[in-house]
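> Handing you a structure now.
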Number of protein chains: 2
Amino acid sequence: MNLKNVSCRVVAVLAVDDPAHFRTGAVAGLNLDLQGIFGDRHRGFTRRAGAREPWYPRGSEMRSGRQVSLVSVEELAEVARRLEIPVLEAGWIGANVVLEGLPDLTGLPWGTRLVFSGGAVLVNEGENAPCRFAGAEVARHFPARAGLDRLFAKAAVHLRGILARVELAGAIAPGAVTLRMAKQRDWKGGGLL
Amino acid sequence: MNLKNVSCRVVAVLAVDDPAHFRTGAVAGLNLDLQGIFGDRHRGFTRRAGAREPWYPRGSEMRSGRQVSLVSVEELAEVARRLEIPVLEAGWIGANVVLEGLPDLTGLPWGTRLVFSGGAVLVNEGENAPCRFAGAEVARHFPARAGLDRLFAKAAVHLRGILARVELAGAIAPGAVTLRMAKQRDWKGGGLL
């Protein structure tokens, strides 16, 4: 069903400008096909397993669900507050889409579809994990603050936004987003967790 | 994290024998690559939108998350009980993998990884919807029972098992399954549903 009681919108879209780095910079819009963002290092139906999948042999070819990184204005502000820095730019941590108006983006149920006014549809593949590379980029902007890279990794837990795959090709540009999610119900085996 | 307190195992694997039909029959094992099951109609990174995605123009190319259909012994038995039939065979409804020992397979959280002893890893893409085609195949085995096709579609809601994509290539054969799921937490925007 569609979420009707939330006004969620894209306020910025970003893409990598230097393929050697994960930093992103503002662009007018993104055109996505089913493999992701043209020219992006995360483009592809498959990818190599890395440090985030310690359970797979490093370098194994695996199906990829992380074409696009989404963050929210509200969560970025909360991380900045925790780090006691005046601002945390989405581009420093390699985000592609900045949303506003959706509570708890990082906790959004897996499988939720984000339908953009430009036609693209993304599927939420779950929360992004803060890493020290992103932390190092944040720290680079505040050279007087020792240890900010590690601090970022802690402060951004459950506030780092989500990763998503492209379900339907199309564009993403500033404007409204509709959210469609499966009816949530508790797993009856939950006591096993 | 891995689910430790559940003993889940594959008791049967099935594949399509006649590509013109979705019925499946028992095989010794399945070999999967990242696109799915060789020779299966659901094989591929992408598929065409159909009746299950009324929100997309019919025939649109979309990313596919439904390479493999999984059902459970316990849920099949419950549907059979509701339909008052002596048995509901997994192959009648096109299943590829029959599991035993996992409570509430259909309600398993999205994104849960199923790690098979043959090396394949599947990602849960959510519950399968009962359809009248599967119902018609069930009904064909009980010609004396009028309306069993529609009845199936009702009786199997939340008991139809799950669809999954292949995350790591490998085999699936009878034997143990390990389940790895993200820590579940409630979405703080849940009141909007």
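Ordering of the structure tokens sets the chain letters (A, B, ...), residue numbers begin anew at 1 in every chain, and ligands are numbered from 1 in the order given.
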Against chain A, which residues of chain B fall within 6 Å? For each one I want the closest pair of atoms and the distance in Å (one decimal), counting only C-alpha atoms, rows by chain and increasing residue number, as a Markdown table.


| residue | atom | partner | partner_atom | distance |
| --- | --- | --- | --- | --- |
| B:Asn5 | CA | A:Leu192 | CA | 5.9 |
| B:Met62 | CA | A:Leu168 | CA | 5.1 |
| B:Arg63 | CA | A:Glu167 | CA | 4.6 |
| B:Pro103 | CA | A:Gly189 | CA | 5.4 |
| B:Asp104 | CA | A:Lys188 | CA | 5.8 |
| B:Gly107 | CA | A:Trp187 | CA | 5.0 |
| B:Leu108 | CA | A:Trp187 | CA | 5.7 |
| B:Trp110 | CA | A:Trp110 | CA | 5.7 |
| B:Glu167 | CA | A:Arg63 | CA | 4.6 |
| B:Leu168 | CA | A:Met62 | CA | 5.1 |
| B:Trp187 | CA | A:Gly107 | CA | 5.0 |
| B:Lys188 | CA | A:Asp104 | CA | 5.8 |
| B:Gly189 | CA | A:Pro103 | CA | 5.4 |
| B:Leu192 | CA | A:Asn5 | CA | 5.9 |

> Excluding same-chain residues fewer than 2 positions from range 143-154 of chain B, what lies within 12 Å of it counting only C-alpha atoms, as a ChimeraX atom specification?

/B:76,78-85,88,92-93,128-141,156-160

> Selection from above, N, CA and C atoms, as a compact mmCIF listing (two decimals), in the first residue's frame, can you write it?


# COMPACT_ATOMS: atom_id res chain seq x y z
N LEU B 76 2.32 -26.03 3.91
CA LEU B 76 1.56 -26.83 2.93
C LEU B 76 0.52 -27.68 3.66
N GLU B 78 -0.93 -27.04 6.49
CA GLU B 78 -2.01 -26.19 7.00
C GLU B 78 -2.97 -25.79 5.87
N VAL B 79 -2.44 -25.50 4.69
CA VAL B 79 -3.32 -25.16 3.56
C VAL B 79 -4.17 -26.39 3.18
N ALA B 80 -3.54 -27.57 3.17
CA ALA B 80 -4.28 -28.80 2.85
C ALA B 80 -5.41 -29.01 3.86
N ARG B 81 -5.11 -28.75 5.12
CA ARG B 81 -6.13 -28.91 6.17
C ARG B 81 -7.30 -27.97 5.91
N ARG B 82 -6.97 -26.71 5.59
CA ARG B 82 -8.03 -25.73 5.33
C ARG B 82 -8.86 -26.09 4.11
N LEU B 83 -8.22 -26.71 3.13
CA LEU B 83 -8.92 -27.08 1.89
C LEU B 83 -9.61 -28.44 2.02
N GLU B 84 -9.35 -29.11 3.12
CA GLU B 84 -9.90 -30.46 3.34
C GLU B 84 -9.50 -31.40 2.21
N ILE B 85 -8.22 -31.35 1.87
CA ILE B 85 -7.66 -32.31 0.90
C ILE B 85 -6.55 -33.07 1.62
N LEU B 88 -1.18 -31.54 -0.24
CA LEU B 88 -0.92 -30.46 -1.20
C LEU B 88 0.55 -30.60 -1.59
N TRP B 92 2.82 -28.98 -7.40
CA TRP B 92 1.60 -28.47 -8.04
C TRP B 92 1.60 -26.95 -8.12
N ILE B 93 2.23 -26.33 -7.12
CA ILE B 93 2.20 -24.86 -7.08
C ILE B 93 3.56 -24.26 -7.47
N ASN B 128 5.04 -14.84 -1.19
CA ASN B 128 4.44 -15.16 -2.48
C ASN B 128 2.93 -14.99 -2.36
N ALA B 129 2.31 -14.53 -3.40
CA ALA B 129 0.85 -14.37 -3.38
C ALA B 129 0.20 -15.58 -4.05
N PRO B 130 -0.80 -16.17 -3.40
CA PRO B 130 -1.49 -17.30 -4.03
C PRO B 130 -2.20 -16.81 -5.28
N CYS B 131 -2.15 -17.59 -6.35
CA CYS B 131 -2.84 -17.16 -7.56
C CYS B 131 -3.75 -18.27 -8.06
N ARG B 132 -4.64 -17.92 -8.96
CA ARG B 132 -5.62 -18.91 -9.43
C ARG B 132 -5.00 -19.94 -10.35
N PHE B 133 -3.86 -19.62 -10.97
CA PHE B 133 -3.19 -20.63 -11.82
C PHE B 133 -2.71 -21.78 -10.95
N ALA B 134 -2.08 -21.43 -9.83
CA ALA B 134 -1.66 -22.48 -8.90
C ALA B 134 -2.91 -23.19 -8.37
N GLY B 135 -3.94 -22.40 -8.05
CA GLY B 135 -5.19 -22.99 -7.56
C GLY B 135 -5.78 -23.97 -8.57
N ALA B 136 -5.72 -23.63 -9.84
CA ALA B 136 -6.28 -24.49 -10.89
C ALA B 136 -5.53 -25.82 -10.94
N GLU B 137 -4.22 -25.75 -10.72
CA GLU B 137 -3.42 -26.97 -10.74
C GLU B 137 -3.75 -27.85 -9.53
N VAL B 138 -3.99 -27.22 -8.39
CA VAL B 138 -4.41 -27.98 -7.21
C VAL B 138 -5.76 -28.64 -7.50
N ALA B 139 -6.68 -27.84 -8.04
CA ALA B 139 -8.04 -28.32 -8.31
C ALA B 139 -8.05 -29.51 -9.28
N ARG B 140 -7.11 -29.51 -10.22
CA ARG B 140 -7.04 -30.57 -11.22
C ARG B 140 -6.85 -31.95 -10.59
N HIS B 141 -6.29 -31.97 -9.41
CA HIS B 141 -6.07 -33.24 -8.71
C HIS B 141 -7.27 -33.69 -7.89
N ALA B 156 -4.54 -20.00 1.12
CA ALA B 156 -3.08 -19.96 1.15
C ALA B 156 -2.50 -18.59 1.46
N VAL B 157 -3.37 -17.61 1.73
CA VAL B 157 -2.85 -16.28 2.06
C VAL B 157 -1.97 -16.37 3.31
N HIS B 158 -0.77 -15.80 3.24
CA HIS B 158 0.22 -15.85 4.34
C HIS B 158 0.73 -17.25 4.63
N LEU B 159 0.47 -18.18 3.72
CA LEU B 159 0.96 -19.56 3.88
C LEU B 159 1.57 -20.07 2.59
N ARG B 160 1.81 -19.17 1.64
CA ARG B 160 2.21 -19.55 0.29
C ARG B 160 3.72 -19.60 0.13

> Grab the CA of Gly25 in chain B to CA of Gly91 in chain B distance for me, in Å with one decimal place.

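One can read the CA of Gly25 in chain B to CA of Gly91 in chain B distance as 5.5 Å.
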
> Show me, as an NGL selection string, the residues that have an atom within 7 Å of Gly101 in chain B when counting only C-alpha atoms, minus same-chain residues fewer than 2 positions from it.

:B and (7-9 or 99 or 103)

> Compare A:Leu163, A:Val73, A:Leu179, A:Ala95 by their minimum atom-to-atom distance to Arg113 in chain A, counting only C-alpha atoms, and give me the closest one.

A:Leu179
